[in-house]
>>> print(open('final02.cif').read())   # mmCIF, N, CA and C atoms
data_protein
#
loop_
_atom_site.label_atom_id
_atom_site.label_comp_id
_atom_site.auth_asym_id
_atom_site.auth_seq_id
_atom_site.Cartn_x
_atom_site.Cartn_y
_atom_site.Cartn_z
N MET W 15 259.26 -13.28 117.19
CA MET W 15 260.22 -12.19 117.08
C MET W 15 259.76 -11.06 118.01
N ARG W 16 260.64 -10.56 118.82
CA ARG W 16 260.34 -9.51 119.78
C ARG W 16 260.63 -8.14 119.16
N ILE W 17 260.09 -7.11 119.79
CA ILE W 17 260.22 -5.75 119.27
C ILE W 17 261.69 -5.34 119.10
N TRP W 18 262.53 -5.75 120.03
CA TRP W 18 263.94 -5.34 119.93
C TRP W 18 264.67 -6.07 118.81
N GLU W 19 264.07 -7.15 118.28
CA GLU W 19 264.64 -7.81 117.11
C GLU W 19 264.19 -7.13 115.83
N VAL W 20 263.01 -6.51 115.87
CA VAL W 20 262.48 -5.79 114.71
C VAL W 20 263.22 -4.47 114.56
N PHE W 21 263.34 -3.75 115.66
CA PHE W 21 264.03 -2.47 115.65
C PHE W 21 265.46 -2.68 116.13
N GLN W 22 266.35 -1.95 115.60
CA GLN W 22 267.75 -2.06 116.01
C GLN W 22 267.98 -1.04 117.13
N TRP W 23 267.78 -1.50 118.37
CA TRP W 23 267.84 -0.60 119.52
C TRP W 23 269.22 0.04 119.67
N GLY W 24 270.25 -0.56 119.12
CA GLY W 24 271.58 0.00 119.25
C GLY W 24 271.83 1.22 118.38
N GLN W 25 270.87 1.58 117.55
CA GLN W 25 271.06 2.75 116.69
C GLN W 25 271.23 4.00 117.54
N LYS W 26 271.86 5.00 116.96
CA LYS W 26 272.07 6.26 117.67
C LYS W 26 270.77 7.05 117.82
N GLN W 27 269.78 6.77 116.96
CA GLN W 27 268.49 7.45 117.06
C GLN W 27 267.76 6.97 118.30
N PRO W 28 267.18 7.85 119.09
CA PRO W 28 266.37 7.39 120.22
C PRO W 28 265.03 6.86 119.72
N TRP W 29 264.49 5.85 120.41
CA TRP W 29 263.18 5.30 120.09
C TRP W 29 262.19 5.85 121.08
N TRP W 30 261.01 6.19 120.60
CA TRP W 30 259.94 6.71 121.44
C TRP W 30 258.73 5.81 121.26
N LEU W 31 258.16 5.36 122.35
CA LEU W 31 257.00 4.46 122.31
C LEU W 31 255.88 5.10 123.12
N LEU W 32 254.67 5.12 122.56
CA LEU W 32 253.54 5.70 123.28
C LEU W 32 252.32 4.79 123.12
N PRO W 33 252.12 3.84 124.06
CA PRO W 33 250.88 3.06 124.04
C PRO W 33 249.82 3.78 124.88
N THR W 34 248.60 3.83 124.38
CA THR W 34 247.50 4.47 125.11
C THR W 34 246.25 3.62 124.95
N MET W 35 245.41 3.63 125.98
CA MET W 35 244.12 2.95 125.87
C MET W 35 243.15 3.49 126.91
N ASP W 36 241.87 3.37 126.58
CA ASP W 36 240.81 3.85 127.46
C ASP W 36 239.71 2.79 127.42
N SER W 37 239.61 2.01 128.50
CA SER W 37 238.63 0.92 128.50
C SER W 37 237.20 1.43 128.57
N ALA W 38 236.99 2.62 129.10
CA ALA W 38 235.63 3.19 129.14
C ALA W 38 235.13 3.49 127.72
N GLU W 39 236.04 3.81 126.82
CA GLU W 39 235.68 4.13 125.42
C GLU W 39 235.99 2.97 124.47
N ASP W 40 236.54 1.86 125.00
CA ASP W 40 236.98 0.74 124.16
C ASP W 40 237.88 1.24 123.03
N TRP W 41 238.87 2.00 123.39
CA TRP W 41 239.78 2.60 122.40
C TRP W 41 241.22 2.31 122.81
N SER W 42 242.06 2.06 121.84
CA SER W 42 243.49 1.98 122.11
C SER W 42 244.26 2.45 120.88
N ALA W 43 245.48 2.87 121.16
CA ALA W 43 246.36 3.35 120.10
C ALA W 43 247.80 3.19 120.58
N PHE W 44 248.70 3.11 119.65
CA PHE W 44 250.12 3.20 120.02
C PHE W 44 250.88 3.79 118.85
N THR W 45 251.97 4.42 119.18
CA THR W 45 252.86 4.98 118.16
C THR W 45 254.30 4.63 118.51
N VAL W 46 255.10 4.52 117.48
CA VAL W 46 256.53 4.24 117.63
C VAL W 46 257.27 5.21 116.72
N TRP W 47 258.23 5.91 117.30
CA TRP W 47 259.08 6.81 116.52
C TRP W 47 260.53 6.38 116.64
N SER W 48 261.29 6.63 115.59
CA SER W 48 262.74 6.50 115.62
C SER W 48 263.26 7.90 115.37
N GLY W 49 263.80 8.51 116.43
CA GLY W 49 264.18 9.92 116.31
C GLY W 49 262.94 10.73 116.02
N SER W 50 262.93 11.45 114.92
CA SER W 50 261.75 12.25 114.56
C SER W 50 260.90 11.57 113.48
N GLU W 51 261.25 10.33 113.11
CA GLU W 51 260.52 9.61 112.07
C GLU W 51 259.46 8.69 112.68
N LEU W 52 258.21 8.85 112.24
CA LEU W 52 257.14 7.98 112.68
C LEU W 52 257.31 6.62 112.00
N VAL W 53 257.42 5.57 112.80
CA VAL W 53 257.61 4.22 112.28
C VAL W 53 256.28 3.48 112.21
N ARG W 54 255.46 3.61 113.26
CA ARG W 54 254.19 2.90 113.31
C ARG W 54 253.20 3.68 114.15
N ALA W 55 251.98 3.79 113.68
CA ALA W 55 250.89 4.41 114.44
C ALA W 55 249.62 3.65 114.11
N VAL W 56 248.89 3.27 115.15
CA VAL W 56 247.62 2.59 114.96
C VAL W 56 246.65 3.06 116.04
N SER W 57 245.41 3.26 115.67
CA SER W 57 244.37 3.69 116.59
C SER W 57 243.08 2.98 116.20
N VAL W 58 242.40 2.35 117.18
CA VAL W 58 241.20 1.58 116.88
C VAL W 58 240.15 1.76 117.98
N ASN W 59 238.89 1.71 117.58
CA ASN W 59 237.78 1.56 118.52
C ASN W 59 236.63 0.91 117.76
N PRO W 60 235.68 0.28 118.47
CA PRO W 60 234.64 -0.45 117.75
C PRO W 60 233.66 0.46 117.00
N GLY W 61 233.50 1.70 117.44
CA GLY W 61 232.58 2.60 116.75
C GLY W 61 233.10 3.04 115.40
N SER W 62 234.39 3.35 115.33
CA SER W 62 235.00 3.83 114.09
C SER W 62 235.81 2.76 113.38
N GLY W 63 236.10 1.66 114.06
CA GLY W 63 236.95 0.63 113.47
C GLY W 63 238.39 1.09 113.49
N LEU W 64 239.04 0.97 112.36
CA LEU W 64 240.43 1.37 112.23
C LEU W 64 240.50 2.87 111.95
N ILE W 65 240.99 3.63 112.91
CA ILE W 65 241.05 5.09 112.81
C ILE W 65 242.35 5.52 112.14
N GLU W 66 243.44 4.87 112.53
CA GLU W 66 244.76 5.21 111.99
C GLU W 66 245.56 3.93 111.82
N ASP W 67 246.27 3.82 110.72
CA ASP W 67 247.09 2.64 110.43
C ASP W 67 248.26 3.07 109.56
N VAL W 68 249.33 3.53 110.20
CA VAL W 68 250.49 4.06 109.50
C VAL W 68 251.68 3.16 109.75
N GLY W 69 252.41 2.84 108.71
CA GLY W 69 253.61 2.01 108.84
C GLY W 69 253.29 0.53 108.80
N ASP W 70 254.33 -0.27 108.77
CA ASP W 70 254.16 -1.72 108.73
C ASP W 70 253.71 -2.24 110.08
N ARG W 71 252.79 -3.19 110.04
CA ARG W 71 252.32 -3.82 111.28
C ARG W 71 253.47 -4.59 111.91
N LEU W 72 253.51 -4.54 113.23
CA LEU W 72 254.57 -5.21 113.98
C LEU W 72 254.20 -6.67 114.23
N PRO W 73 255.17 -7.53 114.41
CA PRO W 73 254.88 -8.96 114.56
C PRO W 73 253.88 -9.29 115.68
N PHE W 74 253.91 -8.58 116.79
CA PHE W 74 252.99 -8.90 117.88
C PHE W 74 251.54 -8.58 117.52
N GLU W 75 251.31 -7.76 116.51
CA GLU W 75 249.95 -7.42 116.07
C GLU W 75 249.30 -8.53 115.23
N ALA W 76 250.11 -9.34 114.57
CA ALA W 76 249.61 -10.30 113.58
C ALA W 76 248.48 -11.19 114.10
N PRO W 77 248.61 -11.85 115.25
CA PRO W 77 247.51 -12.72 115.69
C PRO W 77 246.19 -11.96 115.88
N LEU W 78 246.27 -10.71 116.30
CA LEU W 78 245.05 -9.93 116.49
C LEU W 78 244.38 -9.63 115.16
N TRP W 79 245.14 -9.13 114.20
CA TRP W 79 244.58 -8.79 112.89
C TRP W 79 244.09 -10.03 112.15
N GLU W 80 244.69 -11.19 112.45
CA GLU W 80 244.28 -12.44 111.80
C GLU W 80 243.05 -13.06 112.46
N GLY W 81 242.55 -12.44 113.54
CA GLY W 81 241.32 -12.92 114.17
C GLY W 81 241.50 -13.94 115.26
N ALA W 82 242.71 -14.12 115.76
CA ALA W 82 242.96 -15.12 116.80
C ALA W 82 242.28 -14.77 118.13
N ARG W 83 241.89 -13.52 118.33
CA ARG W 83 241.27 -13.10 119.58
C ARG W 83 239.99 -12.32 119.30
N ARG W 84 239.13 -12.91 118.53
CA ARG W 84 237.86 -12.27 118.15
C ARG W 84 237.01 -11.96 119.37
N VAL W 85 236.19 -10.92 119.25
CA VAL W 85 235.21 -10.58 120.27
C VAL W 85 234.04 -11.53 120.08
N LEU W 86 233.74 -12.31 121.10
CA LEU W 86 232.66 -13.29 121.01
C LEU W 86 231.33 -12.65 121.40
N HIS W 87 230.27 -13.21 120.94
CA HIS W 87 228.91 -12.80 121.29
C HIS W 87 228.56 -11.37 120.85
N THR W 88 229.27 -10.84 119.86
CA THR W 88 228.95 -9.51 119.34
C THR W 88 228.99 -9.59 117.81
N PRO W 89 227.87 -9.99 117.20
CA PRO W 89 227.85 -10.09 115.74
C PRO W 89 228.13 -8.74 115.08
N GLY W 90 228.88 -8.75 114.01
CA GLY W 90 229.15 -7.53 113.26
C GLY W 90 230.13 -6.59 113.93
N TYR W 91 230.91 -7.08 114.89
CA TYR W 91 231.90 -6.22 115.57
C TYR W 91 232.86 -5.65 114.53
N ALA W 92 233.19 -4.38 114.64
CA ALA W 92 233.93 -3.66 113.60
C ALA W 92 235.40 -4.09 113.45
N LEU W 93 235.93 -4.79 114.44
CA LEU W 93 237.34 -5.18 114.42
C LEU W 93 237.49 -6.68 114.66
N PRO W 94 238.60 -7.27 114.22
CA PRO W 94 238.81 -8.70 114.48
C PRO W 94 239.32 -8.97 115.91
N PHE W 95 239.31 -7.97 116.79
CA PHE W 95 239.78 -8.09 118.17
C PHE W 95 239.21 -6.93 118.97
N HIS W 96 239.30 -7.03 120.28
CA HIS W 96 238.89 -5.92 121.13
C HIS W 96 240.05 -4.92 121.22
N PRO W 97 239.80 -3.62 121.13
CA PRO W 97 240.88 -2.65 121.16
C PRO W 97 241.79 -2.75 122.38
N ILE W 98 241.23 -3.08 123.54
CA ILE W 98 242.06 -3.19 124.74
C ILE W 98 243.05 -4.34 124.61
N ALA W 99 242.69 -5.38 123.86
CA ALA W 99 243.64 -6.47 123.61
C ALA W 99 244.87 -5.95 122.87
N LEU W 100 244.66 -5.06 121.89
CA LEU W 100 245.79 -4.47 121.17
C LEU W 100 246.63 -3.61 122.11
N GLY W 101 245.99 -2.79 122.94
CA GLY W 101 246.72 -1.96 123.89
C GLY W 101 247.55 -2.79 124.85
N ASN W 102 246.96 -3.88 125.35
CA ASN W 102 247.70 -4.75 126.27
C ASN W 102 248.87 -5.43 125.59
N GLU W 103 248.67 -5.88 124.35
CA GLU W 103 249.78 -6.53 123.65
C GLU W 103 250.92 -5.54 123.36
N ALA W 104 250.58 -4.30 123.07
CA ALA W 104 251.62 -3.28 122.89
C ALA W 104 252.37 -3.06 124.20
N LEU W 105 251.66 -2.95 125.31
CA LEU W 105 252.32 -2.80 126.61
C LEU W 105 253.23 -3.99 126.91
N ARG W 106 252.71 -5.19 126.67
CA ARG W 106 253.50 -6.41 126.94
C ARG W 106 254.76 -6.43 126.09
N GLU W 107 254.60 -6.09 124.82
CA GLU W 107 255.75 -6.13 123.90
C GLU W 107 256.77 -5.05 124.23
N PHE W 108 256.31 -3.84 124.47
CA PHE W 108 257.23 -2.73 124.69
C PHE W 108 257.82 -2.70 126.10
N PHE W 109 257.00 -3.05 127.11
CA PHE W 109 257.42 -2.84 128.50
C PHE W 109 257.34 -4.06 129.40
N GLY W 110 256.78 -5.17 128.92
CA GLY W 110 256.75 -6.40 129.71
C GLY W 110 255.63 -6.52 130.72
N PHE W 111 254.57 -5.72 130.61
CA PHE W 111 253.43 -5.86 131.50
C PHE W 111 252.15 -5.48 130.76
N ILE W 112 251.01 -5.84 131.37
CA ILE W 112 249.71 -5.44 130.86
C ILE W 112 248.95 -4.74 131.97
N LEU W 113 247.90 -4.02 131.63
CA LEU W 113 247.10 -3.33 132.64
C LEU W 113 245.76 -4.00 132.89
N GLU W 114 245.20 -4.66 131.90
CA GLU W 114 243.88 -5.28 132.05
C GLU W 114 243.92 -6.70 131.51
N GLY W 115 243.18 -7.58 132.15
CA GLY W 115 243.10 -8.95 131.67
C GLY W 115 244.06 -9.87 132.38
N ARG W 116 244.21 -11.05 131.81
CA ARG W 116 245.02 -12.10 132.41
C ARG W 116 246.48 -11.94 132.01
N GLU W 117 247.34 -11.88 133.00
CA GLU W 117 248.78 -11.78 132.73
C GLU W 117 249.31 -13.14 132.34
N SER W 118 250.37 -13.15 131.59
CA SER W 118 251.01 -14.40 131.22
C SER W 118 252.29 -14.54 132.04
N VAL W 119 252.83 -15.73 132.00
CA VAL W 119 254.09 -15.98 132.69
C VAL W 119 255.13 -15.03 132.10
N GLY W 120 255.91 -14.43 132.93
CA GLY W 120 256.94 -13.51 132.45
C GLY W 120 256.53 -12.05 132.48
N CYS W 121 255.23 -11.78 132.64
CA CYS W 121 254.79 -10.38 132.77
C CYS W 121 255.17 -9.88 134.15
N LEU W 122 255.65 -8.70 134.19
CA LEU W 122 255.95 -8.12 135.49
C LEU W 122 254.74 -7.36 136.00
N ASP W 123 254.63 -7.25 137.32
CA ASP W 123 253.51 -6.54 137.93
C ASP W 123 253.94 -5.10 138.16
N PRO W 124 253.40 -4.14 137.40
CA PRO W 124 253.86 -2.75 137.53
C PRO W 124 253.57 -2.18 138.92
N GLU W 125 252.56 -2.71 139.61
CA GLU W 125 252.26 -2.23 140.95
C GLU W 125 253.27 -2.73 141.98
N GLY W 126 254.05 -3.74 141.60
CA GLY W 126 255.06 -4.28 142.49
C GLY W 126 256.41 -3.57 142.39
N ILE W 127 256.50 -2.60 141.52
CA ILE W 127 257.77 -1.87 141.36
C ILE W 127 257.79 -0.69 142.32
N GLU W 128 258.78 -0.67 143.17
CA GLU W 128 258.90 0.44 144.12
C GLU W 128 259.64 1.59 143.45
N ILE W 129 259.07 2.75 143.57
CA ILE W 129 259.68 3.95 143.00
C ILE W 129 260.18 4.80 144.16
N PRO W 130 261.47 5.05 144.20
CA PRO W 130 261.99 5.85 145.31
C PRO W 130 261.48 7.30 145.25
N VAL W 131 261.24 7.84 146.41
CA VAL W 131 260.77 9.22 146.53
C VAL W 131 261.83 9.98 147.31
N PHE W 132 262.20 11.13 146.83
CA PHE W 132 263.20 11.95 147.50
C PHE W 132 262.59 13.30 147.85
N ARG W 133 262.97 13.80 148.98
CA ARG W 133 262.50 15.11 149.39
C ARG W 133 263.69 16.05 149.43
N VAL W 134 263.53 17.18 148.83
CA VAL W 134 264.59 18.17 148.83
C VAL W 134 264.28 19.17 149.94
N ASP W 135 265.23 19.32 150.82
CA ASP W 135 265.06 20.24 151.94
C ASP W 135 265.77 21.55 151.60
N ALA W 136 265.04 22.60 151.56
CA ALA W 136 265.59 23.90 151.19
C ALA W 136 266.63 24.38 152.19
N ARG W 137 266.60 23.83 153.40
CA ARG W 137 267.56 24.26 154.43
C ARG W 137 268.93 23.65 154.24
N ALA W 138 269.05 22.66 153.43
CA ALA W 138 270.34 21.97 153.28
C ALA W 138 271.28 22.72 152.38
#
>>> encode(input="final02.cif", output="structure tokens")
Amino acid sequence: MRIWEVFQWGQKQPWWLLPTMDSAEDWSAFTVWSGSELVRAVSVNPGSGLIEDVGDRLPFEAPLWEGARRVLHTPGYALPFHPIALGNEALREFFGFILEGRESVGCLDPEGIEIPVFRVDARA
């Protein structure tokens, strides 16, 4: 089940998505709002473990929380996954790309997207 099947994107309320991650700190978080209502917020790092866990977990999170992507060679790791894995899965689910790690078929390359640049000339 994809994110747009979980949320009814056709609603009049705007949806706001904010995935964040910092690989230097091994931290990631994401939040989802519908209008002004917080739907989901999660924040994790290995030092603190689960920092924030608000709302129902989304389907793409399930394999991570169930331990399908455990951190190997680190006994006693505070989480059943690496935080960057959660950040990448949120990016993949929400926007169709990842920033770190191995891309899967169907992921788009964000560096391959050309963004037009316009210059405004004050003389015009």
>>> resolve_selection(input="final02.cif", expression="the PyMOL selection byres (((chain W and resi 38-48 and name CA) around 12) and name CA)", output="PyMOL selection string")
chain W and resi 17+21-37+49-72+75+92-93+95-105+107-108
>>> resolve_selection(input="final02.cif", expression="the PyMOL selection byres ((chain W and resi 83) around 5)", output="list in words")
Gly81, Ala82, Arg84, Val85, Pro94 and Phe95 of chain W
>>> atom_distance(input="final02.cif", atom1="atom C of W:Phe111", atom2="atom C of W:Ile127")
13.7 Å
>>> atom_distance(input="final02.cif", atom1="atom C of W:Gly110", atom2="atom C of W:Glu128")
15.6 Å
>>> atom_distance(input="final02.cif", atom1="atom N of W:Phe74", atom2="atom C of W:Gly90")
24.0 Å
>>> axis_aligned_box(input="final02.cif", around="stretch 81-100 of chain W", padding_each_side="6 Å", output="JSON")
{"center_x": 237.2, "center_y": -8.9, "center_z": 119.0, "size_x": 30.8, "size_y": 24.5, "size_z": 23.5}
>>> build_atoms(input="final02.cif", residues="stretch 126-137 of chain W", atoms="all heavy atoms", output="tab-separated table (two decimals), in the frame of the given file")
chain	number	residue	atom	x	y	z
W	126	GLY	N	254.05	-3.74	141.60
W	126	GLY	CA	255.06	-4.28	142.49
W	126	GLY	C	256.41	-3.57	142.39
W	126	GLY	O	257.34	-3.90	143.12
W	127	ILE	N	256.50	-2.60	141.52
W	127	ILE	CA	257.77	-1.87	141.36
W	127	ILE	C	257.79	-0.69	142.32
W	127	ILE	O	256.90	0.16	142.28
W	127	ILE	CB	257.94	-1.37	139.90
W	127	ILE	CG1	257.97	-2.55	138.95
W	127	ILE	CG2	259.20	-0.52	139.77
W	127	ILE	CD1	257.95	-2.16	137.50
W	128	GLU	N	258.78	-0.67	143.17
W	128	GLU	CA	258.90	0.44	144.12
W	128	GLU	C	259.64	1.59	143.45
W	128	GLU	O	260.69	1.40	142.84
W	128	GLU	CB	259.64	-0.02	145.36
W	128	GLU	CG	258.85	-1.02	146.17
W	128	GLU	CD	259.51	-1.37	147.48
W	128	GLU	OE1	260.26	-0.53	148.04
W	128	GLU	OE2	259.28	-2.49	147.95
W	129	ILE	N	259.07	2.75	143.57
W	129	ILE	CA	259.68	3.95	143.00
W	129	ILE	C	260.18	4.80	144.16
W	129	ILE	O	259.40	5.21	145.02
W	129	ILE	CB	258.67	4.74	142.14
W	129	ILE	CG1	258.19	3.84	141.00
W	129	ILE	CG2	259.30	6.02	141.62
W	129	ILE	CD1	257.08	4.44	140.17
W	130	PRO	N	261.47	5.05	144.20
W	130	PRO	CA	261.99	5.85	145.31
W	130	PRO	C	261.48	7.30	145.25
W	130	PRO	O	261.31	7.86	144.17
W	130	PRO	CB	263.51	5.81	145.14
W	130	PRO	CG	263.74	5.34	143.75
W	130	PRO	CD	262.51	4.63	143.29
W	131	VAL	N	261.24	7.84	146.41
W	131	VAL	CA	260.77	9.22	146.53
W	131	VAL	C	261.83	9.98	147.31
W	131	VAL	O	262.29	9.53	148.36
W	131	VAL	CB	259.41	9.29	147.25
W	131	VAL	CG1	258.98	10.73	147.44
W	131	VAL	CG2	258.37	8.50	146.46
W	132	PHE	N	262.20	11.13	146.83
W	132	PHE	CA	263.20	11.95	147.50
W	132	PHE	C	262.59	13.30	147.85
W	132	PHE	O	261.79	13.85	147.10
W	132	PHE	CB	264.42	12.18	146.59
W	132	PHE	CG	265.09	10.90	146.19
W	132	PHE	CD1	264.77	10.27	145.00
W	132	PHE	CD2	266.03	10.31	147.03
W	132	PHE	CE1	265.38	9.08	144.62
W	132	PHE	CE2	266.65	9.12	146.66
W	132	PHE	CZ	266.34	8.51	145.47
W	133	ARG	N	262.97	13.80	148.98
W	133	ARG	CA	262.50	15.11	149.39
W	133	ARG	C	263.69	16.05	149.43
W	133	ARG	O	264.74	15.71	149.99
W	133	ARG	CB	261.86	15.01	150.78
W	133	ARG	CG	261.21	16.30	151.19
W	133	ARG	CD	260.48	16.09	152.47
W	133	ARG	NE	261.17	16.87	153.48
W	133	ARG	CZ	260.89	16.84	154.75
W	133	ARG	NH1	260.01	16.00	155.21
W	133	ARG	NH2	261.51	17.60	155.58
W	134	VAL	N	263.53	17.18	148.83
W	134	VAL	CA	264.59	18.17	148.83
W	134	VAL	C	264.28	19.17	149.94
W	134	VAL	O	263.21	19.76	149.97
W	134	VAL	CB	264.68	18.90	147.45
W	134	VAL	CG1	265.74	19.99	147.50
W	134	VAL	CG2	264.96	17.89	146.35
W	135	ASP	N	265.23	19.32	150.82
W	135	ASP	CA	265.06	20.24	151.94
W	135	ASP	C	265.77	21.55	151.60
W	135	ASP	O	266.98	21.56	151.35
W	135	ASP	CB	265.64	19.63	153.22
W	135	ASP	CG	265.27	20.41	154.46
W	135	ASP	OD1	264.88	21.58	154.33
W	135	ASP	OD2	265.37	19.82	155.55
W	136	ALA	N	265.04	22.60	151.56
W	136	ALA	CA	265.59	23.90	151.19
W	136	ALA	C	266.63	24.38	152.19
W	136	ALA	O	267.44	25.26	151.90
W	136	ALA	CB	264.48	24.93	151.04
W	137	ARG	N	266.60	23.83	153.40
W	137	ARG	CA	267.56	24.26	154.43
W	137	ARG	C	268.93	23.65	154.24
W	137	ARG	O	269.89	24.11	154.85
W	137	ARG	CB	267.04	23.88	155.81
W	137	ARG	CG	265.74	24.61	156.14
W	137	ARG	CD	265.19	24.12	157.44
W	137	ARG	NE	264.62	22.79	157.18
W	137	ARG	CZ	264.18	21.97	158.10
W	137	ARG	NH1	264.26	22.29	159.37
W	137	ARG	NH2	263.67	20.80	157.79
